[in-house]
file my_file-v5.tsv (TSV, C-alpha atoms and all ligand atoms)
chain	number	residue	atom	x	y	z
H	1	MET	CA	14.65	-13.46	-4.94
H	2	LEU	CA	11.97	-14.01	-2.33
H	3	VAL	CA	8.45	-13.30	-3.61
H	4	THR	CA	5.78	-13.33	-0.90
H	5	GLY	CA	2.36	-13.90	-2.37
H	6	GLY	CA	4.04	-15.42	-5.42
H	7	SER	CA	1.18	-17.76	-6.27
H	8	GLY	CA	-1.27	-14.90	-6.59
H	9	PHE	CA	-2.24	-13.31	-9.85
H	10	ILE	CA	0.41	-10.54	-9.93
H	11	GLY	CA	2.99	-12.54	-7.97
H	12	SER	CA	2.95	-15.45	-10.43
H	13	HIS	CA	3.65	-13.10	-13.34
H	14	LEU	CA	6.51	-11.54	-11.40
H	15	VAL	CA	7.95	-14.99	-10.67
H	16	GLU	CA	7.90	-15.88	-14.36
H	17	ALA	CA	9.60	-12.60	-15.28
H	18	LEU	CA	12.34	-13.03	-12.65
H	19	LEU	CA	13.07	-16.60	-13.77
H	20	ARG	CA	13.16	-15.45	-17.41
H	21	ARG	CA	15.88	-12.99	-16.60
H	22	GLY	CA	17.96	-15.57	-14.79
H	23	ASP	CA	17.12	-15.04	-11.12
H	24	ALA	CA	16.47	-17.91	-8.74
H	25	VAL	CA	13.10	-17.48	-7.02
H	26	VAL	CA	11.58	-18.67	-3.75
H	27	VAL	CA	7.85	-18.13	-3.30
H	28	LEU	CA	6.28	-17.89	0.14
H	29	ASP	CA	2.50	-18.16	-0.06
H	30	ASN	CA	-0.24	-19.52	2.21
H	31	LEU	CA	-2.55	-20.18	-0.77
H	32	SER	CA	-5.39	-18.23	0.82
H	33	THR	CA	-6.22	-16.34	-2.36
H	34	GLY	CA	-3.26	-17.51	-4.45
H	35	ARG	CA	-3.55	-20.69	-6.50
H	36	ILE	CA	-0.81	-23.25	-6.89
H	37	ALA	CA	-1.96	-23.73	-10.51
H	38	ASN	CA	-0.79	-20.16	-11.20
H	39	LEU	CA	2.75	-21.53	-10.82
H	40	ASP	CA	2.28	-24.49	-13.19
H	41	PRO	CA	4.42	-22.83	-15.89
H	42	VAL	CA	7.44	-22.64	-13.54
H	43	GLN	CA	7.10	-25.72	-11.32
H	44	ARG	CA	9.75	-27.68	-13.23
H	45	ASN	CA	12.25	-24.85	-13.36
H	46	PRO	CA	15.27	-25.85	-11.21
H	47	ASP	CA	15.71	-22.21	-10.15
H	48	PHE	CA	12.23	-22.16	-8.61
H	49	ARG	CA	11.06	-23.25	-5.18
H	50	PHE	CA	7.66	-23.00	-3.52
H	51	VAL	CA	7.26	-22.74	0.24
H	52	HIS	CA	3.75	-23.16	1.64
H	53	GLY	CA	3.58	-20.82	4.61
H	54	SER	CA	2.53	-17.49	5.98
H	55	VAL	CA	4.27	-14.12	6.18
H	56	LEU	CA	3.05	-14.14	9.79
H	57	ASP	CA	5.44	-17.03	10.54
H	58	GLU	CA	8.46	-15.09	11.81
H	59	LEU	CA	10.86	-18.01	11.88
H	60	MET	CA	10.03	-19.04	8.34
H	61	VAL	CA	10.31	-15.45	7.08
H	62	ASP	CA	13.65	-15.03	8.87
H	63	GLU	CA	15.08	-18.13	7.20
H	64	LEU	CA	13.85	-17.23	3.73
H	65	VAL	CA	14.94	-13.59	3.84
H	66	HIS	CA	18.33	-14.75	5.10
H	67	GLU	CA	18.84	-17.08	2.12
H	68	CYS	CA	17.68	-14.53	-0.53
H	69	ASP	CA	19.30	-11.35	-1.86
H	70	ALA	CA	16.12	-9.32	-2.15
H	71	VAL	CA	12.42	-9.39	-1.35
H	72	PHE	CA	9.27	-8.56	-3.30
H	73	HIS	CA	6.47	-8.35	-0.76
H	74	LEU	CA	3.13	-9.00	-2.43
H	75	ALA	CA	1.41	-11.20	0.14
H	76	ALA	CA	-1.71	-9.40	1.32
H	77	ALA	CA	-5.46	-9.65	1.63
H	78	VAL	CA	-6.72	-8.52	-1.76
H	79	GLY	CA	-9.91	-7.47	-3.46
H	80	VAL	CA	-12.55	-5.09	-2.23
H	81	ARG	CA	-14.98	-7.97	-1.63
H	82	LEU	CA	-12.57	-9.84	0.64
H	83	ILE	CA	-11.60	-6.80	2.65
H	84	VAL	CA	-15.18	-5.75	3.33
H	85	GLU	CA	-16.21	-9.31	4.18
H	86	GLN	CA	-13.19	-10.16	6.37
H	87	PRO	CA	-11.97	-6.81	7.70
H	88	LEU	CA	-10.25	-8.13	10.84
H	89	ARG	CA	-8.21	-10.76	9.03
H	90	SER	CA	-7.34	-8.39	6.19
H	91	PHE	CA	-6.27	-5.62	8.54
H	92	THR	CA	-4.04	-7.70	10.78
H	93	THR	CA	-2.50	-9.76	7.95
H	94	ASN	CA	-1.55	-6.69	6.02
H	95	ILE	CA	0.02	-4.81	8.91
H	96	ARG	CA	1.66	-7.70	10.78
H	97	GLY	CA	2.87	-9.35	7.57
H	98	SER	CA	4.65	-6.24	6.34
H	99	GLU	CA	6.14	-5.56	9.78
H	100	ILE	CA	7.61	-9.06	9.94
H	101	ILE	CA	8.99	-8.92	6.39
H	102	LEU	CA	10.51	-5.48	6.87
H	103	ALA	CA	12.11	-6.45	10.18
H	104	ALA	CA	13.75	-9.49	8.55
H	105	ALA	CA	14.88	-7.41	5.55
H	106	HIS	CA	16.43	-4.96	8.01
H	107	LYS	CA	18.15	-7.69	9.98
H	108	TYR	CA	19.86	-9.05	6.84
H	109	ARG	CA	20.11	-5.70	4.97
H	110	ARG	CA	18.08	-6.85	1.97
H	111	ARG	CA	16.66	-4.73	-0.85
H	112	ILE	CA	12.87	-4.80	-0.55
H	113	MET	CA	9.99	-3.73	-2.77
H	114	LEU	CA	6.57	-3.34	-1.18
H	115	THR	CA	3.35	-3.42	-3.17
H	116	SER	CA	0.85	-0.85	-2.07
H	117	THR	CA	-2.36	0.29	-3.71
H	118	SER	CA	-4.27	3.20	-5.19
H	119	GLU	CA	-6.70	2.64	-2.29
H	120	ILE	CA	-4.19	4.78	-0.37
H	121	TYR	CA	-5.76	7.89	-1.97
H	122	GLY	CA	-9.20	6.95	-0.66
H	123	LYS	CA	-11.86	9.14	-2.20
H	124	ASN	CA	-9.54	11.89	-3.39
H	125	SER	CA	-11.03	12.45	-6.84
H	126	ALA	CA	-8.22	14.64	-8.18
H	127	VAL	CA	-7.26	13.64	-11.72
H	128	PRO	CA	-4.60	12.49	-12.11
H	129	LEU	CA	-3.43	11.38	-8.67
H	130	ARG	CA	0.20	12.20	-8.01
H	131	GLU	CA	2.22	10.29	-5.44
H	132	ASP	CA	2.12	13.23	-3.02
H	133	ALA	CA	-1.68	13.68	-3.27
H	134	ASP	CA	-3.67	13.83	-0.05
H	135	ARG	CA	-5.36	10.77	1.34
H	136	VAL	CA	-9.09	11.49	1.69
H	137	LEU	CA	-10.73	8.90	3.88
H	138	GLY	CA	-14.06	8.33	5.55
H	139	SER	CA	-14.63	6.76	8.94
H	140	PRO	CA	-12.22	4.04	10.12
H	141	ALA	CA	-15.36	2.00	10.84
H	142	VAL	CA	-15.80	1.60	7.07
H	143	ALA	CA	-13.85	-1.48	5.95
H	144	ARG	CA	-12.51	0.10	2.77
H	145	TRP	CA	-10.89	2.96	4.71
H	146	ALA	CA	-9.53	0.53	7.28
H	147	TYR	CA	-7.85	-1.37	4.41
H	148	SER	CA	-6.47	1.90	3.05
H	149	THR	CA	-5.11	2.67	6.50
H	150	ALA	CA	-3.45	-0.74	6.86
H	151	LYS	CA	-1.68	-0.26	3.54
H	152	ALA	CA	-0.65	3.25	4.62
H	153	VAL	CA	0.89	1.79	7.78
H	154	ASP	CA	2.86	-0.63	5.54
H	155	GLU	CA	4.10	2.29	3.48
H	156	ILE	CA	5.05	4.30	6.56
H	157	LEU	CA	7.03	1.34	7.91
H	158	ALA	CA	8.90	1.14	4.60
H	159	TYR	CA	9.69	4.88	4.61
H	160	VAL	CA	10.85	5.01	8.21
H	161	TYR	CA	12.97	1.87	7.89
H	162	HIS	CA	14.60	3.62	4.95
H	163	ARG	CA	15.04	7.01	6.60
H	164	GLU	CA	16.04	5.90	10.08
H	165	ARG	CA	17.81	2.64	9.34
H	166	GLY	CA	18.94	3.01	5.73
H	167	LEU	CA	16.97	-0.01	4.53
H	168	PRO	CA	16.75	0.01	0.71
H	169	THR	CA	12.96	0.04	0.26
H	170	THR	CA	10.79	1.00	-2.70
H	171	VAL	CA	6.99	1.25	-2.55
H	172	ILE	CA	4.78	0.86	-5.59
H	173	ARG	CA	1.08	1.72	-5.73
H	174	LEU	CA	-0.88	-0.42	-8.14
H	175	PHE	CA	-4.02	0.85	-9.89
H	176	ASN	CA	-6.51	-1.77	-11.16
H	177	THR	CA	-4.09	-4.35	-12.51
H	178	VAL	CA	-5.65	-6.95	-14.82
H	179	GLY	CA	-4.56	-9.82	-17.04
H	180	PRO	CA	-4.35	-13.60	-17.38
H	181	ARG	CA	-4.99	-15.68	-14.24
H	182	GLN	CA	-6.86	-12.93	-12.39
H	183	SER	CA	-9.64	-14.73	-10.58
H	184	PRO	CA	-13.22	-13.46	-10.70
H	185	ALA	CA	-13.65	-14.73	-7.14
H	186	TYR	CA	-12.60	-11.55	-5.33
H	187	GLY	CA	-14.95	-9.18	-7.09
H	188	MET	CA	-12.66	-7.64	-9.74
H	189	VAL	CA	-14.77	-6.23	-12.49
H	190	ILE	CA	-13.07	-7.35	-15.73
H	191	PRO	CA	-12.78	-11.09	-14.93
H	192	ARG	CA	-16.39	-11.00	-13.69
H	193	LEU	CA	-18.00	-9.17	-16.60
H	194	VAL	CA	-16.06	-11.12	-19.21
H	195	ARG	CA	-17.11	-14.47	-17.74
H	196	GLN	CA	-20.69	-13.34	-17.43
H	197	ALA	CA	-20.72	-12.27	-21.10
H	198	VAL	CA	-19.10	-15.50	-22.31
H	199	ALA	CA	-21.64	-17.53	-20.31
H	200	GLY	CA	-24.51	-15.47	-21.74
H	201	GLU	CA	-25.42	-14.17	-18.28
H	202	ALA	CA	-26.37	-10.60	-17.39
H	203	MET	CA	-23.36	-8.35	-16.74
H	204	THR	CA	-23.56	-6.90	-13.25
H	205	VAL	CA	-22.70	-3.20	-13.24
H	206	TYR	CA	-22.81	-1.64	-9.78
H	207	GLY	CA	-24.29	1.78	-9.10
H	208	ASP	CA	-25.02	3.84	-12.22
H	209	GLY	CA	-21.93	2.54	-14.04
H	210	ALA	CA	-20.61	6.09	-14.53
H	211	GLN	CA	-17.71	5.49	-12.11
H	212	THR	CA	-14.42	5.26	-13.98
H	213	ARG	CA	-11.23	3.24	-13.67
H	214	CYS	CA	-7.97	2.82	-15.63
H	215	PHE	CA	-7.00	-0.81	-16.18
H	216	CYS	CA	-3.35	-1.72	-16.59
H	217	HIS	CA	-2.08	-5.01	-17.98
H	218	VAL	CA	-0.08	-7.08	-15.50
H	219	GLY	CA	2.75	-7.40	-18.05
H	220	ASP	CA	3.19	-3.63	-18.02
H	221	VAL	CA	3.04	-3.55	-14.22
H	222	ILE	CA	5.76	-6.21	-13.91
H	223	ASP	CA	7.93	-4.32	-16.40
H	224	GLY	CA	7.56	-1.17	-14.25
H	225	MET	CA	8.29	-3.04	-11.03
H	226	LEU	CA	11.51	-4.53	-12.39
H	227	ARG	CA	12.71	-1.23	-13.84
H	228	LEU	CA	12.21	0.37	-10.41
H	229	PHE	CA	13.77	-2.54	-8.59
H	230	ASP	CA	16.88	-2.25	-10.78
H	231	ASN	CA	17.18	1.51	-10.36
H	232	PRO	CA	19.08	2.72	-7.26
H	233	ALA	CA	17.35	6.11	-7.56
H	234	ALA	CA	14.04	4.39	-6.73
H	235	ILE	CA	15.26	3.55	-3.22
H	236	GLY	CA	13.32	5.34	-0.49
H	237	GLU	CA	10.65	6.44	-2.97
H	238	VAL	CA	7.02	5.64	-3.82
H	239	PHE	CA	5.70	5.23	-7.37
H	240	ASN	CA	2.27	4.91	-8.97
H	241	LEU	CA	2.03	2.17	-11.58
H	242	GLY	CA	-1.03	2.13	-13.78
H	243	SER	CA	-2.60	3.07	-17.07
H	244	GLN	CA	-4.19	6.43	-17.86
H	245	GLU	CA	-6.75	5.04	-20.30
H	246	GLU	CA	-9.92	5.86	-18.41
H	247	THR	CA	-13.21	4.08	-18.94
H	248	SER	CA	-16.57	4.11	-17.20
H	249	ILE	CA	-17.73	0.71	-15.99
H	250	LEU	CA	-20.86	0.96	-18.14
H	251	ASP	CA	-18.76	1.58	-21.26
H	252	LEU	CA	-16.56	-1.31	-20.22
H	253	ALA	CA	-19.59	-3.62	-20.08
H	254	ASN	CA	-20.80	-2.39	-23.48
H	255	ARG	CA	-17.38	-2.99	-25.02
H	256	ILE	CA	-17.28	-6.50	-23.61
H	257	ALA	CA	-20.78	-7.17	-24.96
H	258	ALA	CA	-19.79	-5.93	-28.43
H	259	LYS	CA	-16.56	-7.95	-28.48
H	260	THR	CA	-18.17	-11.19	-27.34
H	261	GLU	CA	-21.27	-10.59	-29.48
H	262	ALA	CA	-23.03	-11.62	-26.31
H	263	SER	CA	-26.75	-11.46	-25.94
H	264	SER	CA	-26.07	-10.58	-22.27
H	265	GLU	CA	-27.68	-7.47	-21.01
H	266	VAL	CA	-26.24	-4.98	-18.58
H	267	GLN	CA	-27.93	-5.25	-15.22
H	268	LEU	CA	-27.54	-2.21	-12.97
H	269	ILE	CA	-27.26	-3.29	-9.34
H	270	ALA	CA	-27.49	-0.85	-6.44
H	271	TYR	CA	-24.34	-0.75	-4.30
H	272	GLN	CA	-26.23	-1.81	-1.18
H	273	ASP	CA	-27.30	-5.00	-2.98
H	274	ALA	CA	-23.82	-5.69	-4.36
H	275	TYR	CA	-21.66	-5.25	-1.27
H	276	PRO	CA	-22.06	-5.79	2.47
H	277	VAL	CA	-22.67	-2.82	4.72
H	278	GLY	CA	-19.58	-0.66	5.05
H	279	PHE	CA	-18.86	-0.17	1.38
H	280	GLU	CA	-18.19	3.09	-0.43
H	281	ASP	CA	-17.07	3.34	-4.03
H	282	MET	CA	-14.87	5.98	-5.63
H	283	ARG	CA	-16.06	7.78	-8.74
H	284	ARG	CA	-12.75	8.20	-10.54
H	285	ARG	CA	-9.22	6.96	-10.14
H	286	VAL	CA	-6.52	7.97	-12.61
H	287	PRO	CA	-2.82	7.70	-11.80
H	288	ASP	CA	-0.18	10.28	-12.62
H	289	THR	CA	2.73	8.09	-13.73
H	290	THR	CA	5.18	10.87	-14.61
H	291	LYS	CA	7.52	9.83	-11.79
H	292	VAL	CA	8.15	6.25	-12.94
H	293	GLU	CA	8.22	7.33	-16.60
H	294	THR	CA	10.81	10.05	-15.99
H	295	LEU	CA	13.04	7.86	-13.87
H	296	THR	CA	12.93	4.63	-15.86
H	297	GLY	CA	11.47	5.35	-19.32
H	298	TRP	CA	8.54	3.04	-18.51
H	299	ARG	CA	5.47	3.35	-20.76
H	300	VAL	CA	2.23	1.40	-20.82
H	301	GLN	CA	2.34	-0.88	-23.88
H	302	ARG	CA	-1.06	-2.62	-23.83
H	303	THR	CA	-4.38	-0.87	-24.45
H	304	LEU	CA	-7.72	-1.71	-22.84
H	305	ASP	CA	-8.64	-3.31	-26.15
H	306	ASP	CA	-5.66	-5.70	-25.90
H	307	ILE	CA	-6.61	-6.47	-22.30
H	308	LEU	CA	-10.23	-7.27	-23.16
H	309	ASN	CA	-9.35	-9.42	-26.18
H	310	GLU	CA	-7.00	-11.49	-24.04
H	311	ALA	CA	-9.47	-11.77	-21.13
H	312	ILE	CA	-12.24	-12.92	-23.47
H	313	ALA	CA	-9.96	-15.53	-25.07
H	314	GLU	CA	-9.00	-16.79	-21.60
H	315	ALA	CA	-12.65	-17.04	-20.45
H	316	ARG	CA	-13.61	-18.89	-23.65
H	317	ALA	CA	-10.73	-21.35	-23.24
H	318	GLU	CA	-11.79	-21.96	-19.63
H	319	GLN	CA	-15.36	-22.54	-20.71
H	320	ALA	CA	-14.28	-24.96	-23.44
H	321	ALA	CA	-12.08	-26.90	-20.98
H	322	ALA	CA	-15.00	-27.11	-18.52
H	323	VAL	CA	-17.33	-28.78	-21.03
H	324	ILE	CA	-14.86	-31.44	-22.20
H	325	PRO	CA	-15.40	-34.52	-20.01
H	326	GLY	CA	-12.34	-35.53	-18.00
L	1	LIG	N1	-17.93	-3.45	-10.37
L	1	LIG	C1	-19.08	-3.67	-11.12
L	1	LIG	N2	-19.51	-4.95	-11.30
L	1	LIG	C2	-18.84	-6.04	-10.80
L	1	LIG	C3	-17.66	-5.80	-10.05
L	1	LIG	C4	-17.22	-4.49	-9.84
L	1	LIG	O1	-19.72	-2.72	-11.61
L	1	LIG	O2	-19.30	-7.17	-11.02
L	1	LIG	C5	-17.46	-2.05	-10.21
L	1	LIG	C6	-17.02	-1.66	-8.79
L	1	LIG	O3	-18.13	-1.25	-8.01
L	1	LIG	C7	-16.05	-0.52	-9.09
L	1	LIG	C8	-15.39	-0.95	-10.41
L	1	LIG	O4	-16.28	-1.89	-11.00
L	1	LIG	O5	-16.72	0.70	-9.29
L	1	LIG	C9	-14.02	-1.60	-10.22
L	1	LIG	O6	-14.15	-2.62	-9.25
L	1	LIG	P1	-12.96	-3.59	-8.84
L	1	LIG	O7	-13.43	-4.37	-7.65
L	1	LIG	O8	-12.50	-4.33	-10.05
L	1	LIG	O9	-11.77	-2.61	-8.45
L	1	LIG	P2	-11.69	-1.33	-7.44
L	1	LIG	O10	-13.03	-1.08	-6.86
L	1	LIG	O11	-10.68	-1.75	-6.45
L	1	LIG	O12	-11.26	-0.22	-8.30
call {"tool": "encode", "arguments": {"input": "my_file-v5.tsv", "output": "structure tokens"}}
result
Amino acid sequence: MLVTGGSGFIGSHLVEALLRRGDAVVVLDNLSTGRIANLDPVQRNPDFRFVHGSVLDELMVDELVHECDAVFHLAAAVGVRLIVEQPLRSFTTNIRGSEIILAAAHKYRRRIMLTSTSEIYGKNSAVPLREDADRVLGSPAVARWAYSTAKAVDEILAYVYHRERGLPTTVIRLFNTVGPRQSPAYGMVIPRLVRQAVAGEAMTVYGDGAQTRCFCHVGDVIDGMLRLFDNPAAIGEVFNLGSQEETSILDLANRIAAKTEASSEVQLIAYQDAYPVGFEDMRRRVPDTTKVETLTGWRVQRTLDDILNEAIAEARAEQAAAVIPG
């Protein structure tokens, strides 16, 4: 199995799951946002190999796709902060990278799963969002909508390669995936707020905090991905993967404060002070996951409570390790 972006947060969990079930895994990652330490648990596994390189390197991609049976394409510019701060790099990496991977998969007739995003729906505030919901976007000059468009181009490439060339592709759209090893560095709210609370710092809630999200544990996401990968009926289709347990960001901060017994206060920060120009938030985002559930029997197993308990334990362990000399 080739996993692009395998040293990232989600990729590294996928790699572990594939190795556990007996697959041999090659990771291609340029370590831009991924961390080699994410792969520490698998480095000694003889069925695992790491290749430091880019999905933009056509020769490298050609060789790796050739030697593997199937591809999970996760390499991409991630995180709202990164995409609004580096729009050009994010846009070109995401489109070119997917084009190169899909072309190689087509050349060698490999099964391929592409990871897309709930950002596809833009500011469509329908609840819940079904896979065939409209995309509602603002100006292409706004970085967030440019990112959404790049991911839509990736999806379109996957569909047309399937329809016109018979390539076995499946697209999954991830909604706010969280869990161990997710870095706070790219702006994601749970790793940030949890670390702030554990450090006794103010928790930064953007806007009025009434915007809502549904957070899904990475273990559940990987379970869904593998069920879809294994199911021939998922070929040529797109699936949402996410939780339906909706929370406002303000409630999230209050829950984290209560769980950590932190003295941290919630600090409301205006969007224009939190993000560079060119940022727009969405008020609600809830996936309809009927399609994956009906096809594969997938169900979310972990609650937001489980997710927060684990994230707090991870942040505390990190803090403890940081204060021990050496
Ligand atoms: N957010 C926040 N404080 C932070 C980071 C994010 O209030 O320190 C908000 C952000 O504006 C958004 C929500 O939390 O409304 C989820 O943000 P994240 O970047 O995790 O995911 P996405 O925006 O992609 O849903």
call {"tool": "residues_near_ligand", "arguments": {"input": "my_file-v5.tsv", "ligand": "ligand LIG 1 (chain L)", "cutoff": "7 Å", "atoms": "only C-alpha atoms and all ligand atoms", "output": "list in words"}}
result
Gly79, Val80, Asn176, Gly187, Met188, Val189, Ile190, Arg192, Leu193, Thr204, Val205, Tyr206, Gly207, Gly209, Gln211, Thr212, Arg213, Ile249, Asp281 and Met282 of chain H
call {"tool": "atom_distance", "arguments": {"input": "my_file-v5.tsv", "atom1": "CA of Tyr161 (chain H)", "atom2": "CA of Val15 (chain H)"}}
result
25.6 Å
call {"tool": "residues_near_point", "arguments": {"input": "my_file-v5.tsv", "point": "(5.8, -13.5, 0.0)", "cutoff": "8 Å", "atoms": "only C-alpha atoms", "output": "count of residues only"}}
result
15
call {"tool": "closest_residue", "arguments": {"input": "my_file-v5.tsv", "among": "H:Pro168, H:Pro87, H:Pro276, H:Pro287", "to": "Phe239 (chain H)", "atoms": "all atoms listed in the file"}}
result
H:Pro287
call {"tool": "residues_near_point", "arguments": {"input": "my_file-v5.tsv", "point": "(9.6, 0.5, -17.0)", "cutoff": "12 Å", "atoms": "only C-alpha atoms", "output": "count of residues only"}}
result
31
call {"tool": "axis_aligned_box", "arguments": {"input": "my_file-v5.tsv", "around": "region 219-235 of chain H", "padding_each_side": "4 Å", "output": "AutoDock Vina command-line options"}}
result
--center_x 10.9 --center_y -0.6 --center_z -10.6 --size_x 24.3 --size_y 21.5 --size_z 22.8
call {"tool": "residues_around", "arguments": {"input": "my_file-v5.tsv", "residues": "Glu318 (chain H)", "least_positions_apart": "6", "cutoff": "12 Å", "atoms": "all atoms listed in the file", "output": "list of chain:residue names"}}
result
H:Pro180, H:Arg181, H:Ser183, H:Pro191, H:Val194, H:Arg195, H:Val198, H:Ala199, H:Ala311, H:Ile312, H:Ile324
call {"tool": "closest_residue", "arguments": {"input": "my_file-v5.tsv", "among": "H:Arg109, H:Trp145, H:Ile83, H:Ala253", "to": "Gly122 (chain H)", "atoms": "only C-alpha atoms"}}
result
H:Trp145
call {"tool": "atom_distance", "arguments": {"input": "my_file-v5.tsv", "atom1": "CA of Gly8 (chain H)", "atom2": "CA of Val26 (chain H)"}}
result
13.7 Å
call {"tool": "atom_distance", "arguments": {"input": "my_file-v5.tsv", "atom1": "CA of Ala185 (chain H)", "atom2": "CA of Glu85 (chain H)"}}
result
12.8 Å
call {"tool": "residues_around", "arguments": {"input": "my_file-v5.tsv", "residues": "His106 (chain H)", "least_positions_apart": "4", "cutoff": "9 Å", "atoms": "all atoms listed in the file", "output": "ChimeraX atom specification"}}
result
/H:101-102,110-111,161,165-168
call {"tool": "closest_residue", "arguments": {"input": "my_file-v5.tsv", "among": "H:Ala143, H:Ala233, H:Ala320, H:Ile256", "to": "Leu82 (chain H)", "atoms": "only C-alpha atoms"}}
result
H:Ala143
call {"tool": "closest_residue", "arguments": {"input": "my_file-v5.tsv", "among": "H:Leu88, H:Leu14, H:Val61, H:Ile172", "to": "Lys107 (chain H)", "atoms": "all atoms listed in the file"}}
result
H:Val61
call {"tool": "closest_residue", "arguments": {"input": "my_file-v5.tsv", "among": "H:Ser264, H:Asn124, H:Thr117, H:Gln182", "to": "Ser7 (chain H)", "atoms": "all atoms listed in the file"}}
result
H:Gln182
call {"tool": "closest_residue", "arguments": {"input": "my_file-v5.tsv", "among": "H:Ala150, H:Phe91, H:Arg302, H:Ala315", "to": "Thr177 (chain H)", "atoms": "all atoms listed in the file"}}
result
H:Arg302
call {"tool": "residues_around", "arguments": {"input": "my_file-v5.tsv", "residues": "Thr170 (chain H)", "least_positions_apart": "5", "cutoff": "8 Å", "atoms": "all atoms listed in the file", "output": "PyMOL selection string"}}
result
chain H and resi 112-114+158+228-229+234-238
